$ cat start_31.tsv   # TSV, C-alpha atoms
chain	number	residue	atom	x	y	z
X	11	MET	CA	34.79	5.57	0.72
X	12	LYS	CA	35.59	7.06	-2.71
X	13	LEU	CA	33.48	7.90	-5.76
X	14	LYS	CA	34.93	8.46	-9.22
X	15	MET	CA	34.32	11.74	-11.09
X	16	LEU	CA	32.68	11.30	-14.48
X	17	ASN	CA	33.56	14.42	-16.48
X	18	GLY	CA	35.15	17.83	-16.46
X	19	ALA	CA	38.71	18.79	-15.59
X	20	THR	CA	38.72	16.28	-12.74
X	21	ALA	CA	37.39	13.34	-14.80
X	22	GLY	CA	38.71	10.02	-13.52
X	23	GLN	CA	39.73	11.45	-10.15
X	24	GLU	CA	38.13	10.19	-6.95
X	25	ILE	CA	36.25	12.14	-4.31
X	26	GLU	CA	36.12	11.08	-0.68
X	27	VAL	CA	32.61	10.74	0.80
X	28	SER	CA	31.33	9.66	4.19
X	29	GLU	CA	30.79	5.97	4.83
X	30	ALA	CA	27.98	6.92	7.22
X	31	ALA	CA	25.97	8.54	4.41
X	32	PHE	CA	26.91	6.45	1.37
X	33	GLY	CA	28.06	3.11	2.77
X	34	ARG	CA	25.04	1.78	4.67
X	35	GLU	CA	23.31	-1.57	4.20
X	36	TYR	CA	20.07	-1.54	2.23
X	37	ASN	CA	17.06	-1.59	4.57
X	38	GLU	CA	14.18	-2.49	2.24
X	39	PRO	CA	11.33	-2.45	4.83
X	40	LEU	CA	12.35	1.04	6.02
X	41	VAL	CA	12.67	2.38	2.47
X	42	HIS	CA	9.26	0.96	1.57
X	43	GLN	CA	7.66	2.50	4.67
X	44	VAL	CA	9.14	5.95	3.99
X	45	LEU	CA	8.21	5.86	0.29
X	46	THR	CA	4.64	4.81	1.12
X	47	ALA	CA	4.32	7.53	3.74
X	48	TYR	CA	5.69	10.18	1.39
X	49	LEU	CA	3.21	9.23	-1.38
X	50	ALA	CA	0.33	9.03	1.10
X	51	ALA	CA	1.09	12.53	2.40
X	52	GLY	CA	0.61	13.84	-1.13
X	53	ARG	CA	-2.99	12.66	-1.31
X	54	SER	CA	-5.51	15.49	-0.94
X	55	GLY	CA	-8.08	13.50	1.07
X	56	THR	CA	-10.87	15.92	0.15
X	57	LYS	CA	-13.35	13.41	-1.30
X	58	ALA	CA	-16.81	13.90	0.27
X	59	GLN	CA	-20.17	12.21	-0.23
X	60	LYS	CA	-23.55	12.64	1.48
X	61	THR	CA	-25.21	10.16	3.80
X	62	LYS	CA	-28.97	9.54	3.92
X	63	ALA	CA	-29.27	12.21	6.63
X	64	GLU	CA	-27.44	14.82	4.57
X	65	VAL	CA	-29.24	14.45	1.22
X	66	ARG	CA	-31.99	17.04	0.77
X	67	GLY	CA	-35.56	15.75	0.94
X	68	GLY	CA	-36.92	12.39	2.02
X	69	GLY	CA	-38.70	13.74	5.10
X	70	ASN	CA	-42.05	12.13	4.33
X	71	LYS	CA	-42.76	8.43	4.04
X	72	PRO	CA	-43.22	7.79	0.27
X	73	TRP	CA	-46.37	5.66	0.74
X	74	ARG	CA	-48.24	3.94	3.51
X	75	GLN	CA	-46.73	0.90	5.19
X	76	LYS	CA	-49.28	-1.69	4.01
X	77	GLY	CA	-51.69	-2.25	1.17
X	78	THR	CA	-49.80	-0.83	-1.82
X	79	GLY	CA	-48.17	-4.06	-2.99
X	80	SER	CA	-44.78	-2.34	-2.91
X	81	ALA	CA	-41.93	-2.88	-0.54
X	82	ARG	CA	-41.87	-0.95	2.71
X	83	ALA	CA	-40.09	2.41	2.43
X	84	GLY	CA	-39.49	5.05	5.03
X	85	SER	CA	-37.59	7.58	2.93
X	86	SER	CA	-37.00	8.37	-0.72
X	87	ARG	CA	-33.40	9.13	0.16
X	88	SER	CA	-32.51	5.57	1.15
X	89	PRO	CA	-29.13	4.36	-0.24
X	90	ILE	CA	-30.95	1.87	-2.51
X	91	TRP	CA	-33.00	4.63	-4.18
X	92	VAL	CA	-31.83	6.75	-7.11
X	93	GLY	CA	-30.92	10.13	-5.66
X	94	GLY	CA	-30.47	8.66	-2.20
X	95	GLY	CA	-27.50	9.07	0.13
X	96	ARG	CA	-24.48	6.76	0.29
X	97	ALA	CA	-24.52	3.96	2.86
X	98	PHE	CA	-20.83	4.42	3.71
X	99	ALA	CA	-20.15	7.95	2.53
X	100	ALA	CA	-16.57	9.10	2.03
X	101	LYS	CA	-15.57	12.02	4.22
X	102	PRO	CA	-12.52	14.33	4.14
X	103	ARG	CA	-9.60	12.65	5.86
X	104	SER	CA	-5.85	12.80	6.21
X	105	PHE	CA	-3.75	9.96	4.77
X	106	GLU	CA	-0.64	11.12	6.61
X	107	GLN	CA	1.56	8.42	8.13
X	108	LYS	CA	4.00	9.25	10.89
X	109	VAL	CA	7.65	9.03	9.90
X	110	ASN	CA	10.13	10.57	12.30
X	111	ARG	CA	13.35	12.29	11.29
X	112	LYS	CA	15.57	9.33	12.22
X	113	MET	CA	13.57	6.96	9.99
X	114	TYR	CA	13.52	9.43	7.08
X	115	ARG	CA	17.28	10.03	7.20
X	116	GLY	CA	17.92	6.30	7.57
X	117	ALA	CA	15.88	5.57	4.44
X	118	MET	CA	17.70	8.28	2.46
X	119	ARG	CA	21.11	6.92	3.54
X	120	SER	CA	19.99	3.41	2.59
X	121	MET	CA	18.80	4.52	-0.86
X	122	LEU	CA	21.93	6.54	-1.61
X	123	SER	CA	24.16	3.66	-0.49
X	124	GLU	CA	22.30	1.27	-2.78
X	125	LEU	CA	22.69	3.70	-5.69
X	126	VAL	CA	26.46	3.69	-5.07
X	127	ARG	CA	26.58	-0.13	-4.96
X	128	GLN	CA	24.66	-0.37	-8.24
X	129	ASP	CA	26.86	2.30	-9.92
X	130	ARG	CA	23.79	4.48	-10.39
X	131	LEU	CA	25.21	7.52	-8.58
X	132	VAL	CA	27.30	9.61	-10.97
X	133	VAL	CA	29.47	12.52	-9.80
X	134	THR	CA	30.38	15.59	-11.85
X	135	ASP	CA	32.33	18.73	-10.99
X	136	GLY	CA	29.59	20.86	-12.58
X	137	LEU	CA	26.87	21.01	-15.21
X	138	GLU	CA	26.74	24.51	-16.63
X	139	LEU	CA	24.77	25.58	-19.73
X	140	GLU	CA	25.48	28.65	-21.85
X	141	ALA	CA	21.76	29.16	-22.43
X	142	PRO	CA	18.51	27.59	-21.15
X	143	LYS	CA	18.21	25.30	-24.20
X	144	THR	CA	16.89	21.75	-23.97
X	145	ARG	CA	19.08	20.55	-26.85
X	146	MET	CA	22.18	21.69	-24.98
X	147	LEU	CA	21.26	19.65	-21.93
X	148	VAL	CA	20.32	16.65	-24.09
X	149	GLY	CA	23.75	16.86	-25.75
X	150	LYS	CA	25.58	16.94	-22.40
X	151	LEU	CA	23.57	14.02	-21.03
X	152	LYS	CA	24.20	12.05	-24.23
X	153	GLU	CA	27.95	12.56	-23.79
X	154	LEU	CA	27.64	11.15	-20.28
X	155	GLY	CA	25.49	8.23	-21.45
X	156	LEU	CA	22.54	9.27	-19.29
X	157	ASP	CA	18.86	8.96	-20.18
X	158	SER	CA	16.51	8.71	-17.20
X	159	VAL	CA	18.35	10.85	-14.66
X	160	LEU	CA	17.86	12.95	-11.55
X	161	ILE	CA	20.25	15.91	-11.53
X	162	LEU	CA	21.19	17.07	-8.03
X	163	VAL	CA	22.62	20.58	-7.64
X	164	GLU	CA	23.51	22.76	-4.66
X	165	ALA	CA	20.91	25.45	-5.36
X	166	TYR	CA	18.37	26.55	-7.94
X	167	GLU	CA	19.97	27.19	-11.36
X	168	GLU	CA	17.55	28.85	-13.75
X	169	LYS	CA	19.20	27.79	-17.03
X	170	LEU	CA	19.42	24.17	-15.98
X	171	PHE	CA	15.86	24.03	-14.66
X	172	LEU	CA	14.44	25.65	-17.81
X	173	ALA	CA	16.42	23.33	-20.08
X	174	ALA	CA	15.20	20.21	-18.26
X	175	ARG	CA	11.51	20.98	-17.83
X	176	ASN	CA	10.50	19.58	-21.24
X	177	LEU	CA	12.36	16.30	-20.73
X	178	PRO	CA	9.98	13.78	-19.08
X	179	ALA	CA	12.79	11.43	-17.95
X	180	VAL	CA	15.00	14.21	-16.54
X	181	GLN	CA	14.46	16.02	-13.24
X	182	VAL	CA	16.56	18.75	-11.66
X	183	LEU	CA	16.43	19.26	-7.90
X	184	PRO	CA	18.41	21.26	-5.37
X	185	VAL	CA	19.59	19.26	-2.36
X	186	SER	CA	17.03	21.05	-0.18
X	187	GLY	CA	14.22	19.67	-2.36
X	188	LEU	CA	15.43	16.07	-2.60
X	189	ASP	CA	12.84	13.43	-1.71
X	190	PRO	CA	12.85	9.59	-1.63
X	191	VAL	CA	10.36	9.24	-4.51
X	192	SER	CA	12.60	11.21	-6.87
X	193	LEU	CA	15.56	9.01	-5.89
X	194	ALA	CA	13.58	5.86	-6.65
X	195	ARG	CA	12.00	7.13	-9.88
X	196	HIS	CA	15.12	7.52	-12.05
X	197	GLN	CA	17.65	5.03	-13.34
X	198	LYS	CA	20.60	7.21	-12.38
X	199	VAL	CA	21.43	10.20	-10.20
X	200	LEU	CA	23.87	12.83	-11.46
X	201	ALA	CA	25.17	14.89	-8.54
X	202	THR	CA	27.60	17.78	-8.45
X	203	VAL	CA	30.46	17.69	-5.94
X	204	GLY	CA	28.88	20.53	-3.99
X	205	ALA	CA	25.55	18.72	-3.83
X	206	LEU	CA	27.26	15.57	-2.55
X	207	LYS	CA	28.99	17.51	0.22
X	208	MET	CA	25.67	19.11	1.23
X	209	LEU	CA	24.01	15.67	1.29
X	210	GLU	CA	26.85	14.34	3.39
X	211	GLU	CA	26.40	17.12	5.95
X	212	ARG	CA	22.65	16.56	6.13
X	213	LEU	CA	22.81	12.78	6.52
X	214	ALA	CA	26.02	12.27	8.49
$ encode --input "start_31.tsv" --output "structure tokens"
Amino acid sequence: MKLKMLNGATAGQEIEVSEAAFGREYNEPLVHQVLTAYLAAGRSGTKAQKTKAEVRGGGNKPWRQKGTGSARAGSSRSPIWVGGGRAFAAKPRSFEQKVNRKMYRGAMRSMLSELVRQDRLVVTDGLELEAPKTRMLVGKLKELGLDSVLILVEAYEEKLFLAARNLPAVQVLPVSGLDPVSLARHQKVLATVGALKMLEERLA
């Protein structure tokens, strides 16, 4: 299949990309599962509370069983007392969900293919800045008609990363750092030719 170049010396020309990576059907259940798993893996899972047995104190019975007119109590650290332990205390846990490599790659192919179908994947021959200035990047994106955009490059480019870090709707990622949440978060994806070829090799 072919994608049209947006700007530069090759503007209007078409680039050939793999049907296996950019021409798949959209598999919504798989994409949802991979996105959920990716977000779950980012949770720290370090929340911890104390049970009745772990709260300090409460060793003695607060008062005798009968004759006081009060309810029976065996410990001042009961969950219904102020300062008591939690009945169902949270403990550190892992929220990780298993997603194998085949599923992950399948979801990425599905998402990229859907971006192509919706004309949300934009190709450029390069996006170079003379200096790491935000206004320069804003100007280039305005020329391309892009607002909320994920910029995909082959490798880390300091000027581009520094220029984009103050723009909340713009994210710059090398192909090695691409993740499904970033693909789903932005309205459009602006990819260099080199980045597309690297993606093609990884997902083919």
$ residues_around --input "start_31.tsv" --residues "Tyr48 of chain X" --least-positions-apart "6" --cutoff "9 Å" --atoms "all atoms listed in the file" --output "list in words"
Glu106, Gln107, Val109, Asp189, Pro190 and Val191 of chain X
$ residues_near_point --input "start_31.tsv" --point "(21.8, 7.6, 0.3)" --cutoff "9 Å" --atoms "only C-alpha atoms" --output "MDAnalysis selection string"
chainID X and resid 31:34 115:126 193 209:210 213
$ closest_residue --input "start_31.tsv" --among "X:Thr78, X:Gln181, X:Ser186, X:Asn37" --to "Leu147 of chain X" --atoms "all atoms listed in the file"
X:Gln181
$ residues_around --input "start_31.tsv" --residues "Gly94 of chain X" --least-positions-apart "4" --cutoff "12 Å" --atoms "all atoms listed in the file" --output "PyMOL selection string"
chain X and resi 59-68+85-90+99
$ residues_around --input "start_31.tsv" --residues "segment 133-136 of chain X" --least-positions-apart "4" --cutoff "12 Å" --atoms "all atoms listed in the file" --output "VMD selection string"
chain X and resid 12 to 27 125 to 126 129 150 to 151 154 160 to 164 167 170 198 to 207
$ atom_distance --input "start_31.tsv" --atom1 "atom CA of Leu172 of chain X" --atom2 "atom CA of Thr144 of chain X"
7.7 Å
$ atom_distance --input "start_31.tsv" --atom1 "atom CA of Pro184 of chain X" --atom2 "atom CA of Glu29 of chain X"
22.2 Å
$ closest_residue --input "start_31.tsv" --among "X:Gly95, X:Val185, X:Ser54, X:Ala214" --to "Tyr166 of chain X" --atoms "only C-alpha atoms"
X:Val185
$ closest_residue --input "start_31.tsv" --among "X:Ala30, X:Ala81, X:Leu131, X:Ala47" --to "Tyr114 of chain X" --atoms "only C-alpha atoms"
X:Ala47
$ atom_distance --input "start_31.tsv" --atom1 "atom CA of Val92 of chain X" --atom2 "atom CA of Pro72 of chain X"
13.6 Å
$ closest_residue --input "start_31.tsv" --among "X:Ala165, X:Arg127, X:Gln43, X:Ala83" --to "Asn110 of chain X" --atoms "all atoms listed in the file"
X:Gln43
